[in-house]
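Data block for protein-v1.csv (CSV, C-alpha atoms and all ligand atoms):
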chain,number,residue,atom,x,y,z
A,1,MET,CA,85.0,82.8,120.9
A,2,PRO,CA,88.6,84.2,120.5
A,3,ALA,CA,91.0,83.3,123.3
A,4,PRO,CA,91.7,86.3,125.6
A,5,ALA,CA,95.4,86.4,124.5
A,6,GLU,CA,94.5,87.0,120.8
A,7,PRO,CA,93.9,90.8,120.8
A,8,ALA,CA,97.2,91.3,122.7
A,9,ILE,CA,99.1,89.2,120.2
A,10,GLU,CA,97.4,90.8,117.2
A,11,SER,CA,98.2,94.2,118.6
A,12,LEU,CA,101.8,93.4,119.2
A,13,LEU,CA,102.2,92.0,115.6
A,14,ALA,CA,100.5,95.1,114.3
A,15,PHE,CA,102.9,97.3,116.3
A,16,TRP,CA,105.9,95.5,114.8
A,17,ALA,CA,104.4,95.6,111.2
A,18,ASP,CA,103.8,99.4,111.5
A,19,ALA,CA,107.3,99.9,112.8
A,20,GLY,CA,108.6,98.3,109.6
A,21,VAL,CA,109.2,94.7,110.9
A,22,ASP,CA,107.4,92.9,108.1
A,23,ALA,CA,109.6,90.0,107.2
A,24,MET,CA,108.7,87.6,109.9
A,25,LEU,CA,105.1,87.0,108.8
A,26,LEU,CA,104.1,84.2,106.4
A,27,ASP,CA,101.2,84.7,104.0
A,28,GLN,CA,99.2,82.0,105.9
A,29,PRO,CA,99.2,81.4,109.6
A,30,PHE,CA,101.1,78.2,110.5
A,31,ASP,CA,100.7,76.6,114.0
A,32,ARG,CA,104.1,75.0,114.7
A,33,ILE,CA,103.1,73.9,118.1
A,34,GLU,CA,99.9,72.2,116.9
A,35,ALA,CA,101.8,70.5,114.1
A,36,GLY,CA,104.6,69.5,116.5
A,37,LYS,CA,107.2,71.0,114.1
A,38,VAL,CA,109.3,73.3,116.2
A,39,ALA,CA,112.1,74.6,114.1
A,40,PRO,CA,115.5,73.1,115.0
A,41,PRO,CA,118.1,75.6,116.3
A,42,VAL,CA,119.9,77.5,113.5
A,43,ARG,CA,123.4,76.2,112.9
A,44,ALA,CA,126.2,78.8,113.3
A,45,THR,CA,127.8,77.8,110.0
A,46,ALA,CA,126.3,75.9,107.0
A,47,PRO,CA,128.1,72.8,106.0
A,48,ALA,CA,130.6,73.4,103.2
A,49,SER,CA,128.7,71.3,100.8
A,50,ALA,CA,125.3,73.0,101.3
A,51,PRO,CA,123.9,74.2,98.0
A,52,VAL,CA,123.5,78.0,97.6
A,53,ARG,CA,119.9,78.8,96.8
A,54,ALA,CA,119.4,81.4,94.1
A,55,ALA,CA,117.2,84.4,95.0
A,56,SER,CA,113.8,84.0,93.3
A,57,PRO,CA,113.7,86.2,90.2
A,58,GLN,CA,111.5,89.3,90.4
A,59,PRO,CA,108.9,89.6,87.7
A,60,ASP,CA,109.7,92.1,85.0
A,61,ILE,CA,107.4,95.1,85.5
A,62,SER,CA,109.2,97.5,83.0
A,63,ALA,CA,106.4,97.1,80.4
A,64,ALA,CA,103.7,97.8,83.0
A,65,VAL,CA,105.6,100.8,84.3
A,66,ALA,CA,106.1,102.2,80.8
A,67,GLU,CA,102.4,101.8,80.0
A,68,ALA,CA,101.5,103.5,83.3
A,69,GLN,CA,103.9,106.4,82.5
A,70,ALA,CA,102.4,106.9,79.0
A,71,ARG,CA,98.8,106.8,80.3
A,72,ALA,CA,99.6,109.1,83.2
A,73,ALA,CA,101.5,111.6,81.0
A,74,ALA,CA,98.5,111.8,78.6
A,75,ALA,CA,96.1,112.7,81.4
A,76,THR,CA,95.6,116.4,81.5
A,77,ASP,CA,93.2,116.7,84.4
A,78,LEU,CA,92.0,114.6,87.4
A,79,GLU,CA,89.0,113.3,85.5
A,80,SER,CA,91.1,111.9,82.6
A,81,LEU,CA,93.7,110.6,85.2
A,82,VAL,CA,91.0,108.6,87.0
A,83,ALA,CA,89.7,107.2,83.7
A,84,ALA,CA,93.3,106.3,82.7
A,85,ILE,CA,93.8,104.4,86.0
A,86,ALA,CA,90.5,102.6,85.6
A,87,ALA,CA,91.5,101.5,82.1
A,88,PHE,CA,94.9,100.3,83.2
A,89,GLU,CA,95.4,96.5,83.5
A,90,GLY,CA,99.1,96.4,84.4
A,91,CYS,CA,98.7,96.2,88.2
A,92,PRO,CA,98.1,92.6,89.3
A,93,LEU,CA,96.1,93.9,92.3
A,94,ARG,CA,93.3,94.8,89.9
A,95,PHE,CA,92.6,91.1,89.4
A,96,GLU,CA,93.4,89.9,92.9
A,97,GLY,CA,92.0,91.9,95.8
A,98,ALA,CA,89.7,94.5,94.2
A,99,ALA,CA,86.1,93.4,94.2
A,100,THR,CA,84.8,96.3,92.4
A,101,GLN,CA,86.8,99.3,91.2
A,102,ALA,CA,89.9,101.5,91.3
A,103,VAL,CA,90.1,103.8,94.3
A,104,VAL,CA,91.9,107.0,93.3
A,105,TYR,CA,91.3,110.0,95.5
A,106,ARG,CA,88.9,112.0,97.6
A,107,GLY,CA,89.0,115.7,98.7
A,108,ASP,CA,89.8,119.1,97.3
A,109,PRO,CA,91.4,118.9,93.8
A,110,LYS,CA,93.3,122.1,94.7
A,111,ALA,CA,94.3,121.1,98.2
A,112,PRO,CA,97.5,122.5,99.7
A,113,LEU,CA,98.1,119.2,101.4
A,114,MET,CA,98.1,115.8,99.9
A,115,VAL,CA,97.8,112.7,102.1
A,116,ILE,CA,99.2,109.4,100.9
A,117,GLY,CA,98.1,106.2,102.6
A,118,GLU,CA,98.9,102.6,102.0
A,119,ALA,CA,96.2,100.9,100.0
A,120,PRO,CA,92.4,100.8,99.8
A,121,GLY,CA,90.6,98.3,102.2
A,122,ALA,CA,87.2,96.6,101.9
A,123,ASP,CA,85.2,99.8,102.7
A,124,GLU,CA,87.2,101.8,100.2
A,125,ASP,CA,86.9,99.2,97.5
A,126,ALA,CA,83.1,99.2,97.9
A,127,ALA,CA,82.8,103.0,98.0
A,128,GLY,CA,85.4,103.8,95.4
A,129,GLN,CA,87.0,106.4,97.7
A,130,PRO,CA,90.1,106.2,99.9
A,131,PHE,CA,89.9,106.3,103.7
A,132,VAL,CA,86.2,106.0,104.2
A,133,GLY,CA,86.3,103.1,106.9
A,134,ARG,CA,87.2,103.3,110.5
A,135,SER,CA,90.8,104.6,109.8
A,136,GLY,CA,89.4,107.2,107.5
A,137,LYS,CA,86.9,108.5,110.1
A,138,LEU,CA,89.7,108.8,112.6
A,139,LEU,CA,91.8,110.6,110.1
A,140,ASP,CA,89.0,113.0,109.3
A,141,ARG,CA,88.5,113.8,113.0
A,142,MET,CA,92.2,114.5,113.4
A,143,PHE,CA,92.2,116.8,110.3
A,144,ALA,CA,89.1,118.6,111.6
A,145,ALA,CA,90.7,119.1,115.0
A,146,ALA,CA,93.9,120.4,113.4
A,147,GLY,CA,92.0,122.9,111.2
A,148,LEU,CA,92.7,120.9,108.0
A,149,GLU,CA,89.1,120.0,107.1
A,150,GLY,CA,88.5,120.7,103.4
A,151,ARG,CA,92.2,121.4,102.8
A,152,VAL,CA,93.3,117.9,101.9
A,153,LEU,CA,93.3,115.5,99.0
A,154,ILE,CA,93.7,111.9,100.0
A,155,SER,CA,95.1,109.0,98.0
A,156,ASN,CA,97.1,105.8,98.4
A,157,THR,CA,100.3,104.2,97.0
A,158,VAL,CA,98.2,101.7,95.1
A,159,PHE,CA,94.7,102.1,93.6
A,160,TRP,CA,93.3,98.6,94.1
A,161,ARG,CA,92.6,96.7,97.3
A,162,PRO,CA,95.3,94.0,98.1
A,163,PRO,CA,93.8,90.6,98.8
A,164,GLY,CA,93.1,90.1,102.5
A,165,ASN,CA,94.3,93.7,103.1
A,166,ARG,CA,97.9,92.6,103.0
A,167,THR,CA,100.6,95.3,102.5
A,168,PRO,CA,101.1,96.2,98.8
A,169,THR,CA,104.4,94.9,97.5
A,170,PRO,CA,107.1,97.3,96.3
A,171,LEU,CA,106.5,96.1,92.7
A,172,GLU,CA,102.7,96.9,92.9
A,173,GLN,CA,103.6,100.3,94.3
A,174,ALA,CA,106.1,100.8,91.5
A,175,VAL,CA,103.6,100.0,88.8
A,176,CYS,CA,101.1,102.5,90.3
A,177,ALA,CA,103.7,105.2,91.0
A,178,PRO,CA,103.5,107.0,87.6
A,179,PHE,CA,99.8,107.6,88.2
A,180,LEU,CA,100.4,108.8,91.8
A,181,GLU,CA,103.1,111.2,90.6
A,182,ARG,CA,100.8,112.5,87.9
A,183,LEU,CA,98.1,113.0,90.6
A,184,ILE,CA,100.6,115.0,92.7
A,185,ALA,CA,101.6,117.1,89.6
A,186,LEU,CA,97.9,117.9,88.7
A,187,VAL,CA,96.9,118.8,92.3
A,188,ALA,CA,100.2,120.7,92.9
A,189,PRO,CA,100.0,120.6,96.8
A,190,ARG,CA,102.5,122.5,98.9
A,191,MET,CA,103.4,119.4,101.0
A,192,LEU,CA,102.7,115.7,101.5
A,193,LEU,CA,101.6,113.8,104.6
A,194,LEU,CA,102.7,110.1,104.4
A,195,VAL,CA,100.6,107.9,106.6
A,196,GLY,CA,102.2,104.7,107.8
A,197,ALA,CA,105.3,102.7,107.0
A,198,PRO,CA,104.5,101.3,103.5
A,199,SER,CA,103.6,104.8,102.2
A,200,THR,CA,106.7,106.3,103.8
A,201,LYS,CA,109.0,103.6,102.5
A,202,ALA,CA,107.5,103.8,98.9
A,203,MET,CA,107.6,107.5,98.7
A,204,LEU,CA,110.9,108.3,100.4
A,205,LYS,CA,112.8,105.1,99.6
A,206,ARG,CA,114.1,104.8,103.2
A,207,ASP,CA,114.3,101.7,105.2
A,208,GLU,CA,114.2,103.0,108.8
A,209,GLY,CA,111.0,102.2,110.7
A,210,ILE,CA,108.1,104.6,110.8
A,211,LEU,CA,108.7,105.2,114.5
A,212,SER,CA,112.0,106.8,113.8
A,213,LEU,CA,110.9,108.6,110.6
A,214,ARG,CA,107.6,110.1,111.8
A,215,GLY,CA,107.4,113.8,112.7
A,216,ARG,CA,110.6,114.7,110.6
A,217,TRP,CA,110.6,116.6,107.3
A,218,PHE,CA,112.0,115.0,104.2
A,219,GLU,CA,112.2,116.0,100.6
A,220,TRP,CA,110.1,113.9,98.2
A,221,ARG,CA,111.3,113.9,94.6
A,222,SER,CA,109.4,112.5,91.6
A,223,ALA,CA,111.2,109.8,89.5
A,224,ASP,CA,112.2,112.3,86.8
A,225,GLY,CA,113.3,114.8,89.4
A,226,ALA,CA,110.9,117.4,88.0
A,227,LEU,CA,108.8,117.7,91.2
A,228,GLU,CA,110.1,118.2,94.8
A,229,LEU,CA,107.9,118.6,97.8
A,230,PRO,CA,108.4,118.6,101.6
A,231,ALA,CA,107.0,115.3,103.0
A,232,LEU,CA,106.2,114.5,106.6
A,233,PRO,CA,105.7,110.8,107.6
A,234,THR,CA,103.3,110.0,110.4
A,235,LEU,CA,101.6,107.0,112.0
A,236,HIS,CA,98.8,105.2,110.2
A,237,PRO,CA,95.3,105.7,111.7
A,238,ALA,CA,94.8,101.9,111.8
A,239,PHE,CA,97.8,101.7,114.1
A,240,LEU,CA,96.4,104.5,116.3
A,241,LEU,CA,93.1,102.6,116.6
A,242,ARG,CA,95.1,99.6,117.9
A,243,GLN,CA,97.6,101.6,120.0
A,244,PRO,CA,95.6,104.7,121.2
A,245,GLY,CA,98.6,105.6,123.4
A,246,ALA,CA,100.4,106.6,120.2
A,247,LYS,CA,97.8,109.3,119.3
A,248,LYS,CA,99.8,112.0,121.0
A,249,ARG,CA,102.7,111.4,118.6
A,250,ALA,CA,100.4,111.6,115.6
A,251,TRP,CA,98.9,114.8,117.0
A,252,SER,CA,102.3,116.3,117.5
A,253,ASP,CA,103.1,115.4,113.8
A,254,LEU,CA,99.9,117.2,112.7
A,255,LEU,CA,100.9,120.3,114.6
A,256,THR,CA,104.3,120.2,112.9
A,257,LEU,CA,102.5,120.0,109.6
A,258,THR,CA,100.0,122.8,110.2
A,259,GLU,CA,102.7,125.1,111.5
A,260,ARG,CA,104.5,124.8,108.2
A,261,LEU,CA,101.3,124.8,106.1
A,262,ASP,CA,100.1,128.0,107.7
A,263,ARG,CA,103.4,129.7,107.8
A,264,PRO,CA,103.3,132.6,105.3
A,265,GLU,CA,105.4,131.8,102.3
A,266,ARG,CA,108.4,134.0,101.9
A,267,PRO,CA,108.3,136.3,98.8
A,268,LEU,CA,110.9,135.2,96.2
B,301,LIG,N1,94.1,102.5,104.8
B,301,LIG,C1,94.8,103.1,103.9
B,301,LIG,O1,96.1,103.1,103.9
B,301,LIG,N2,94.2,103.6,102.9
B,301,LIG,C2,92.9,103.6,102.8
B,301,LIG,O2,92.3,104.1,101.8
B,301,LIG,C3,92.1,102.9,103.8
B,301,LIG,C4,92.8,102.4,104.8
Whole structure given in C-alpha cells:
Amino acid sequence: MPAPAEPAIESLLAFWADAGVDAMLLDQPFDRIEAGKVAPPVRATAPASAPVRAASPQPDISAAVAEAQARAAAATDLESLVAAIAAFEGCPLRFEGAATQAVVYRGDPKAPLMVIGEAPGADEDAAGQPFVGRSGKLLDRMFAAAGLEGRVLISNTVFWRPPGNRTPTPLEQAVCAPFLERLIALVAPRMLLLVGAPSTKAMLKRDEGILSLRGRWFEWRSADGALELPALPTLHPAFLLRQPGAKKRAWSDLLTLTERLDRPERPL
C-alpha cells in the first residue's frame, strides 16, 4: 500500500513539471536516503585544476527531419499524411514506447480549432487516437461545455507514445514537426490551442513556464514562415486532474478562445 505522503509528493512534482521545471528529475528514481548517499554541499568555486566536462553531443537528426519534410510535403490529404507518418521510421519513439501504432489525429478534418497536446499515452497507443484516456475525457467535457464539441481536431507534438509516458524530447518533437505542420496546413484551422508546457514550448519556442504563458495569445509560425496562426497556451488536462483548483484558469482560457473563435471575421 502506498505511504500516505506519496500522492502529495507526486502531485507537487507534477505541478512543477507542468510549470516547466523538468530538469531536476532523473530517468529512474534514486533513493539517496536509503542508499545513505546524501550529496555533499556544492562548493562555491571549483578547484582551478578541475577538468571541464564537454557537453554530450546531440544526435544528428538532420537526415530524419529532411525525410519527414519530404514525406510530409508529398501528402496531399489527411489520409496520405497518416499513411506517410505510419511508414516513417525516423522517430526513435516508434521503436521505444509505442506498443502498437502511430497516433495522428481525431476530430473534424475541417475544424476551425486545432488542439495540440504533448504525446500519446497508453490508451491512445492502444486506440490509435489522441486524447481518449482520462485526460481526453476531461478535455471533451470542457469542449462540450464551451460549445466547441465537433469543432476541433486534436493531435500531439509526437505521434508515438514515449516510454513510460515521459515527456518527448525536443529532438523527437523536431523530427515529428514537419508532419504536424503539414497536418495544420491541410486542416487549415483558424487558431491553435496548445495544451500543456511541452506542447507550448515546442510550438512557440518559448522557455517561460506554462503558468505564465497560459491564457495569452501568441503567433505561431511554421518553420518556412508560410503559415501563421494565433495560438493560445492552456493547462494540460492531466494537470487539471491532479490540481482541480486550476480548472478555473483553464476554463477562463477556453472562454478567451471561444470569444475569438466566434467573433465575426472582419471583411478584408
Ligand atoms: N496527453 C496528451 O498530451 N496527449 C494525448 O493524446 C493523451 C494524453
Compile the contact shell of segment 118-132 of chain A as an mmCIF file with C-alpha atoms, in the frame of the given file: residues with an atom at most 6 Å away, counting only C-alpha atoms, same-chain residues fewer than 6 positions apart removed.
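Now in around07.cif:
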data_model
loop_
_atom_site.group_PDB
_atom_site.id
_atom_site.type_symbol
_atom_site.label_atom_id
_atom_site.label_comp_id
_atom_site.auth_asym_id
_atom_site.auth_seq_id
_atom_site.Cartn_x
_atom_site.Cartn_y
_atom_site.Cartn_z
ATOM 1 C CA VAL A 103 90.100 103.800 94.300
ATOM 2 C CA TYR A 105 91.300 110.000 95.500
ATOM 3 C CA ARG A 106 88.900 112.000 97.600
ATOM 4 C CA ASN A 156 97.100 105.800 98.400
ATOM 5 C CA THR A 157 100.300 104.200 97.000
ATOM 6 C CA VAL A 158 98.200 101.700 95.100
ATOM 7 C CA ARG A 161 92.600 96.700 97.300
ATOM 8 C CA ASN A 165 94.300 93.700 103.100
ATOM 9 C CA PRO A 198 104.500 101.300 103.500
ATOM 10 C CA SER A 199 103.600 104.800 102.200
#
Q. Skipping near chain neighbours, those fewer than 6 positions away, what residues fall within 12 Å of Leu255 of chain A using all atoms listed in the file, listed as a list in words?
A.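 Counting only the stated atoms, we get Met142, Phe143, Ala145, Ala146, Gly147, Leu148, Leu193, Gly215, Arg216, Leu232, Thr234, Lys248, Arg249, Leu261, Asp262 and Arg263 of chain A.
Atom CA of Arg221 of chain A lies 28.8 Å from atom CA of Ala246 of chain A.
Rounded to one decimal, atom CA of Ala70 of chain A and atom CA of Trp220 of chain A lie 21.8 Å from each other.
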Q: Using atom CA of Arg71 of chain A and atom CA of Ala87 of chain A as the two end points, give the distance in Å to one decimal.
A: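 We find that atom CA of Arg71 of chain A and atom CA of Ala87 of chain A lie 9.2 Å from each other.
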Q. Closest to ligand LIG 301 (chain B) among A:Glu96, A:Asp140, A:Glu89, A:Glu67, using all atoms listed in the file?
A. A:Asp140
Q) Of the candidates A:Pro237, A:Val175, A:Met191, A:Gln243, which one gets nearest to ligand LIG 301 (chain B) if we count all atoms listed in the file? A)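 Using all atoms listed in the file, the shortest distance to ligand LIG 301 (chain B) belongs to A:Pro237.
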**Q.** Closest of A:Val104, A:Ala250, A:Ala111, A:Ala177 to ligand LIG 301 (chain B) - atom-to-atom distances counting all atoms listed in the file
**A.**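 Ranked by minimum distance to ligand LIG 301 (chain B), first place goes to A:Val104.
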Q. Which of these residues is nearest to Leu227 of chain A, using all atoms listed in the file: A:Pro57, A:Gly150, A:Gly107, A:Pro189?
A.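 Using all atoms listed in the file, Leu227 of chain A sits closest to A:Pro189.
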Q.
Please determine, counting all atoms listed in the file, which residue among A:Ala63, A:Leu254, A:Leu183, A:Leu153 has the shortest atom-to-atom distance to Ala84 of chain A.
A.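 When distances to Ala84 of chain A are compared using all atoms listed in the file, the smallest one comes from A:Leu183.
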Q) Using only C-alpha atoms, which of A:Ile154, A:Ala102, A:Cys176, A:Leu113 sits nearest Ala64 of chain A? A)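 Distance minimum relative to Ala64 of chain A lands on A:Cys176.
The residue set within 12 Å of Asp60 of chain A, counting all atoms listed in the file and dropping same-chain residues fewer than 5 places from it, reads Val65, Ala66, Gly90, Leu171, Glu172, Ala174 and Val175 of chain A.
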Selected residues, C-alpha atoms, written as a PDB file, in the frame of the given file, please.
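Wrote again-v9.pdb, looks like this:
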ATOM      1  CA  VAL A  65     105.600 100.800  84.300  1.00  0.00           C
ATOM      2  CA  ALA A  66     106.100 102.200  80.800  1.00  0.00           C
ATOM      3  CA  GLY A  90      99.100  96.400  84.400  1.00  0.00           C
ATOM      4  CA  LEU A 171     106.500  96.100  92.700  1.00  0.00           C
ATOM      5  CA  GLU A 172     102.700  96.900  92.900  1.00  0.00           C
ATOM      6  CA  ALA A 174     106.100 100.800  91.500  1.00  0.00           C
ATOM      7  CA  VAL A 175     103.600 100.000  88.800  1.00  0.00           C
TER       8      VAL A 175
END
Q. Counting all atoms listed in the file, what is within 9 Å of Ser135 of chain A, bar same-chain residues fewer than 5 positions away, as a PyMOL selection string?
A. chain A and resi 140+236-241
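Proximity to Leu213 of chain A at 10 Å, evaluated using all atoms listed in the file and with sequence-adjacent residues fewer than 5 positions away removed, yields Ala19, Gly196, Ala197, Thr200, Lys201, Arg206, Asp207, Glu208, Phe218, Leu232, Pro233, Thr234 and Leu235 of chain A.
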